[in-house]
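*Asks:* See target_0.pdb below, with PDB, C-alpha atoms, pLDDT in the B column.
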```
ATOM      1  CA  MET D   1      -7.653   6.545  40.088  1.00 90.00           C
ATOM      2  CA  LYS D   2      -7.233   9.983  41.573  1.00 92.00           C
ATOM      3  CA  ASN D   3     -10.216  12.234  42.231  1.00 94.00           C
ATOM      4  CA  ILE D   4     -10.247  15.069  39.667  1.00 93.00           C
ATOM      5  CA  TYR D   5     -12.421  17.361  41.751  1.00 94.00           C
ATOM      6  CA  LEU D   6     -10.450  16.851  44.950  1.00 95.00           C
ATOM      7  CA  ALA D   7      -7.239  17.838  43.148  1.00 95.00           C
ATOM      8  CA  ALA D   8      -8.860  20.991  41.770  1.00 94.00           C
ATOM      9  CA  ILE D   9     -10.406  21.971  45.115  1.00 94.00           C
ATOM     10  CA  LEU D  10      -7.127  21.448  46.969  1.00 94.00           C
ATOM     11  CA  SER D  11      -5.444  23.791  44.494  1.00 92.00           C
ATOM     12  CA  LEU D  12      -8.067  26.441  45.152  1.00 90.00           C
ATOM     13  CA  PHE D  13      -7.177  26.487  48.852  1.00 90.00           C
ATOM     14  CA  ILE D  14      -3.400  26.321  48.382  1.00 91.00           C
ATOM     15  CA  PRO D  15      -2.334  26.763  44.743  1.00 90.00           C
ATOM     16  CA  GLY D  16      -0.443  23.695  43.607  1.00 89.00           C
ATOM     17  CA  LEU D  17      -1.616  21.461  46.463  1.00 93.00           C
ATOM     18  CA  GLY D  18      -3.734  19.463  44.023  1.00 94.00           C
ATOM     19  CA  VAL D  19      -0.647  18.381  42.077  1.00 94.00           C
ATOM     20  CA  ALA D  20       1.063  17.475  45.359  1.00 95.00           C
ATOM     21  CA  TYR D  21      -1.927  15.172  45.982  1.00 95.00           C
ATOM     22  CA  LEU D  22      -0.995  13.547  42.657  1.00 95.00           C
ATOM     23  CA  GLY D  23       2.599  13.044  43.757  1.00 93.00           C
ATOM     24  CA  LEU D  24       4.020  15.805  41.544  1.00 93.00           C
ATOM     25  CA  TYR D  25       6.003  17.500  44.299  1.00 94.00           C
ATOM     26  CA  LYS D  26       8.375  19.508  42.083  1.00 93.00           C
ATOM     27  CA  ARG D  27       5.403  20.893  40.197  1.00 92.00           C
ATOM     28  CA  PHE D  28       3.769  21.801  43.510  1.00 94.00           C
ATOM     29  CA  LEU D  29       6.831  23.733  44.676  1.00 94.00           C
ATOM     30  CA  VAL D  30       7.176  25.588  41.367  1.00 92.00           C
ATOM     31  CA  SER D  31       3.438  26.347  41.231  1.00 90.00           C
ATOM     32  CA  PHE D  32       3.346  27.602  44.801  1.00 92.00           C
ATOM     33  CA  VAL D  33       6.410  29.823  44.367  1.00 93.00           C
ATOM     34  CA  ILE D  34       5.030  31.257  41.108  1.00 90.00           C
ATOM     35  CA  TYR D  35       1.687  31.938  42.812  1.00 90.00           C
ATOM     36  CA  CYS D  36       3.363  33.692  45.750  1.00 91.00           C
ATOM     37  CA  VAL D  37       5.595  35.826  43.526  1.00 92.00           C
ATOM     38  CA  LEU D  38       2.733  36.810  41.213  1.00 87.00           C
ATOM     39  CA  SER D  39       0.477  37.605  44.166  1.00 86.00           C
ATOM     40  CA  ILE D  40       3.103  39.854  45.734  1.00 89.00           C
ATOM     41  CA  ILE D  41       3.751  41.640  42.441  1.00 89.00           C
ATOM     42  CA  VAL D  42       0.044  42.139  41.761  1.00 88.00           C
ATOM     43  CA  SER D  43      -0.703  43.353  45.275  1.00 84.00           C
ATOM     44  CA  THR D  44       2.086  45.937  45.213  1.00 86.00           C
ATOM     45  CA  ILE D  45       1.193  47.309  41.781  1.00 86.00           C
ATOM     46  CA  LEU D  46      -2.615  47.351  41.783  1.00 80.00           C
ATOM     47  CA  GLU D  47      -5.436  48.436  44.063  1.00 76.00           C
ATOM     48  CA  SER D  48      -6.559  45.890  46.616  1.00 78.00           C
ATOM     49  CA  SER D  49      -9.892  45.016  44.972  1.00 81.00           C
ATOM     50  CA  ILE D  50      -8.337  44.412  41.557  1.00 86.00           C
ATOM     51  CA  SER D  51      -5.412  42.511  43.049  1.00 83.00           C
ATOM     52  CA  TYR D  52      -7.837  40.136  44.820  1.00 85.00           C
ATOM     53  CA  ILE D  53      -9.582  39.393  41.539  1.00 88.00           C
ATOM     54  CA  ILE D  54      -6.307  38.730  39.723  1.00 87.00           C
ATOM     55  CA  THR D  55      -5.072  36.555  42.590  1.00 86.00           C
ATOM     56  CA  ILE D  56      -8.286  34.507  42.369  1.00 88.00           C
ATOM     57  CA  ILE D  57      -7.807  34.115  38.610  1.00 90.00           C
ATOM     58  CA  ILE D  58      -4.262  32.863  39.191  1.00 88.00           C
ATOM     59  CA  ALA D  59      -5.547  30.373  41.783  1.00 90.00           C
ATOM     60  CA  LEU D  60      -8.204  29.195  39.303  1.00 93.00           C
ATOM     61  CA  PHE D  61      -5.455  28.562  36.753  1.00 92.00           C
ATOM     62  CA  PHE D  62      -3.623  26.306  39.199  1.00 91.00           C
ATOM     63  CA  ALA D  63      -6.903  24.485  39.997  1.00 94.00           C
ATOM     64  CA  TYR D  64      -7.347  23.910  36.260  1.00 94.00           C
ATOM     65  CA  ASP D  65      -3.750  22.687  36.041  1.00 93.00           C
ATOM     66  CA  ALA D  66      -4.411  20.150  38.810  1.00 94.00           C
ATOM     67  CA  TYR D  67      -7.585  19.078  37.006  1.00 95.00           C
ATOM     68  CA  THR D  68      -5.760  18.485  33.695  1.00 94.00           C
ATOM     69  CA  CYS D  69      -2.874  16.687  35.407  1.00 95.00           C
ATOM     70  CA  THR D  70      -5.303  14.386  37.217  1.00 96.00           C
ATOM     71  CA  GLU D  71      -7.118  13.688  33.971  1.00 95.00           C
ATOM     72  CA  ALA D  72      -3.812  12.800  32.275  1.00 95.00           C
ATOM     73  CA  ILE D  73      -2.761  10.508  35.126  1.00 95.00           C
ATOM     74  CA  ASN D  74      -6.143   8.763  35.206  1.00 95.00           C
ATOM     75  CA  ASN D  75      -6.076   8.264  31.410  1.00 95.00           C
ATOM     76  CA  ASN D  76      -2.426   7.154  31.490  1.00 94.00           C
ATOM     77  CA  THR D  77      -1.385   9.931  29.086  1.00 94.00           C
ATOM     78  CA  GLN D  78       1.396  12.475  29.215  1.00 92.00           C
ATOM     79  CA  ILE D  79       1.089  15.164  31.879  1.00 91.00           C
ATOM     80  CA  PRO D  80       0.704  18.592  30.225  1.00 90.00           C
ATOM     81  CA  LEU D  81       3.485  21.154  30.452  1.00 86.00           C
ATOM     82  CA  LEU D  82       3.126  23.893  33.055  1.00 84.00           C
ATOM     83  CA  PHE D  83       2.368  27.152  31.223  1.00 76.00           C
ATOM     84  CA  THR D  84       2.801  25.084  28.017  1.00 69.00           C
ATOM     85  CA  LYS D  85       6.572  25.532  28.443  1.00 74.00           C
ATOM     86  CA  LEU D  86       7.833  23.933  31.646  1.00 69.00           C
ATOM     87  CA  ASP D  87       8.219  20.165  31.758  1.00 71.00           C
ATOM     88  CA  ILE D  88       7.869  19.702  35.513  1.00 71.00           C
ATOM     89  CA  GLN D  89       6.576  16.363  36.685  1.00 72.00           C
TER      90      GLN D  89
END
```
Turn this file's structure into structure tokens for me.
*Replies:*
Amino acid sequence: MKNIYLAAILSLFIPGLGVAYLGLYKRFLVSFVIYCVLSIIVSTILESSISYIITIIIALFFAYDAYTCTEAINNNTQIPLLFTKLDIQ
């Protein structure tokens, strides 16, 4: 059994790290690259205060993703798709 909260907290510090803790290394790489690209785009387009808020929201999404993946692994069910489209395990 993997710790749901540890996976979510790890993903708050480094987006996607929680899924790496679960052994989903491809998903970690994709999540981290998506986070970096979105953060760069947001920071170049918007003011700094708004870009920080949006970056935090993106990080919260990846923490939630780690949470749901951990829940699926612990319940021996199918891991949810990333962004409901990408089947990255």
*Asks:* Would you translate the PyMOL selection byres ((chain D and resi 54) around 12) into the concrete set of residues it matches in this file, as a ChimeraX atom specification?
*Replies:* /D:35,38-43,45-53,55-61
*Asks:* Work out where the centre of an axis-aligned box around every listed atom of segment 17-30 of chain D lies and how long its edges are once 5 Å is added on each side; give both in Å to one decimal as lines of an AutoDock Vina configuration file.
*Replies:*
```
center_x = 2.3
center_y = 19.3
center_z = 43.3
size_x = 22.1
size_y = 22.5
size_z = 16.3
```
*Asks:* If you count only C-alpha atoms, which residues fall within 12 Å of segment 69-82 of chain D, apart from same-chain ones fewer than 3 positions away, as an MDAnalysis selection string?
*Replies:* chainID D and resid 1:8 11 16 18:24 26:28 30:31 34 61:66 85:89
*Asks:* Can we get chain D of that structure written down with C-alpha atoms, as a compact mmCIF listing (two decimals), in the first residue's frame?
*Replies:*
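The resulting decode_23.txt:
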```txt
# COMPACT_ATOMS: atom_id res chain seq x y z
CA MET D 1 0.00 0.00 0.00
CA LYS D 2 1.30 3.39 -1.01
CA ASN D 3 0.67 6.47 1.12
CA ILE D 4 -1.92 8.69 -0.61
CA TYR D 5 -0.93 11.84 1.25
CA LEU D 6 2.80 11.37 0.70
CA ALA D 7 2.22 11.08 -3.06
CA ALA D 8 0.14 14.26 -3.09
CA ILE D 9 2.62 16.22 -0.96
CA LEU D 10 5.57 15.14 -3.10
CA SER D 11 3.72 16.43 -6.16
CA LEU D 12 3.20 19.78 -4.48
CA PHE D 13 6.96 20.24 -4.09
CA ILE D 14 7.90 18.94 -7.54
CA PRO D 15 4.88 18.40 -9.81
CA GLY D 16 4.72 14.77 -10.86
CA LEU D 17 7.10 13.51 -8.16
CA GLY D 18 4.20 11.78 -6.42
CA VAL D 19 3.59 9.55 -9.44
CA ALA D 20 7.32 8.80 -9.60
CA TYR D 21 6.97 7.58 -5.99
CA LEU D 22 4.33 5.19 -7.37
CA GLY D 23 6.69 3.91 -10.04
CA LEU D 24 4.97 5.71 -12.92
CA TYR D 25 8.13 7.25 -14.34
CA LYS D 26 6.80 8.08 -17.82
CA ARG D 27 3.87 9.88 -16.24
CA PHE D 28 6.29 11.79 -14.01
CA LEU D 29 8.36 12.96 -16.98
CA VAL D 30 5.28 14.02 -18.97
CA SER D 31 3.74 15.76 -15.94
CA PHE D 32 6.94 17.61 -15.11
CA VAL D 33 7.50 18.76 -18.70
CA ILE D 34 3.87 19.92 -18.99
CA TYR D 35 4.20 21.81 -15.69
CA CYS D 36 7.41 23.52 -16.80
CA VAL D 37 6.02 24.50 -20.20
CA LEU D 38 2.76 25.82 -18.73
CA SER D 39 4.63 27.73 -16.03
CA ILE D 40 6.89 29.40 -18.59
CA ILE D 41 3.94 30.31 -20.81
CA VAL D 42 1.93 31.70 -17.90
CA SER D 43 4.84 33.68 -16.50
CA THR D 44 5.62 35.32 -19.84
CA ILE D 45 2.01 36.25 -20.60
CA LEU D 46 0.63 37.36 -17.23
CA GLU D 47 1.64 39.59 -14.34
CA SER D 48 3.78 37.96 -11.69
CA SER D 49 1.10 37.78 -8.98
CA ILE D 50 -1.47 36.16 -11.27
CA SER D 51 1.11 33.81 -12.76
CA TYR D 52 2.04 32.57 -9.26
CA ILE D 53 -1.59 31.77 -8.53
CA ILE D 54 -2.04 29.90 -11.81
CA THR D 55 1.22 28.02 -11.27
CA ILE D 56 -0.02 26.95 -7.82
CA ILE D 57 -3.31 25.77 -9.33
CA ILE D 58 -1.39 23.70 -11.88
CA ALA D 59 0.72 22.18 -9.09
CA LEU D 60 -2.47 21.37 -7.15
CA PHE D 61 -3.80 19.54 -10.21
CA PHE D 62 -0.71 17.34 -10.31
CA ALA D 63 -1.04 16.69 -6.55
CA TYR D 64 -4.63 15.60 -7.17
CA ASP D 65 -3.44 13.40 -10.04
CA ALA D 66 -0.94 11.69 -7.73
CA TYR D 67 -3.69 11.25 -5.14
CA THR D 68 -6.07 9.58 -7.64
CA CYS D 69 -3.30 7.38 -9.07
CA THR D 70 -2.35 6.22 -5.57
CA GLU D 71 -5.98 5.49 -4.78
CA ALA D 72 -6.29 3.42 -7.98
CA ILE D 73 -3.10 1.47 -7.24
CA ASN D 74 -4.14 0.79 -3.64
CA ASN D 75 -7.61 -0.38 -4.77
CA ASN D 76 -6.13 -2.43 -7.62
CA THR D 77 -8.17 -0.54 -10.23
CA GLN D 78 -7.22 1.10 -13.49
CA ILE D 79 -5.04 4.20 -13.23
CA PRO D 80 -6.95 7.24 -14.54
CA LEU D 81 -5.90 8.92 -17.78
CA LEU D 82 -3.80 12.07 -17.51
CA PHE D 83 -6.00 15.03 -18.49
CA THR D 84 -8.68 12.38 -19.24
CA LYS D 85 -6.94 11.82 -22.59
CA LEU D 86 -3.40 10.53 -22.16
CA ASP D 87 -2.90 6.89 -21.24
CA ILE D 88 0.50 7.23 -19.56
CA GLN D 89 1.34 4.65 -16.94
```
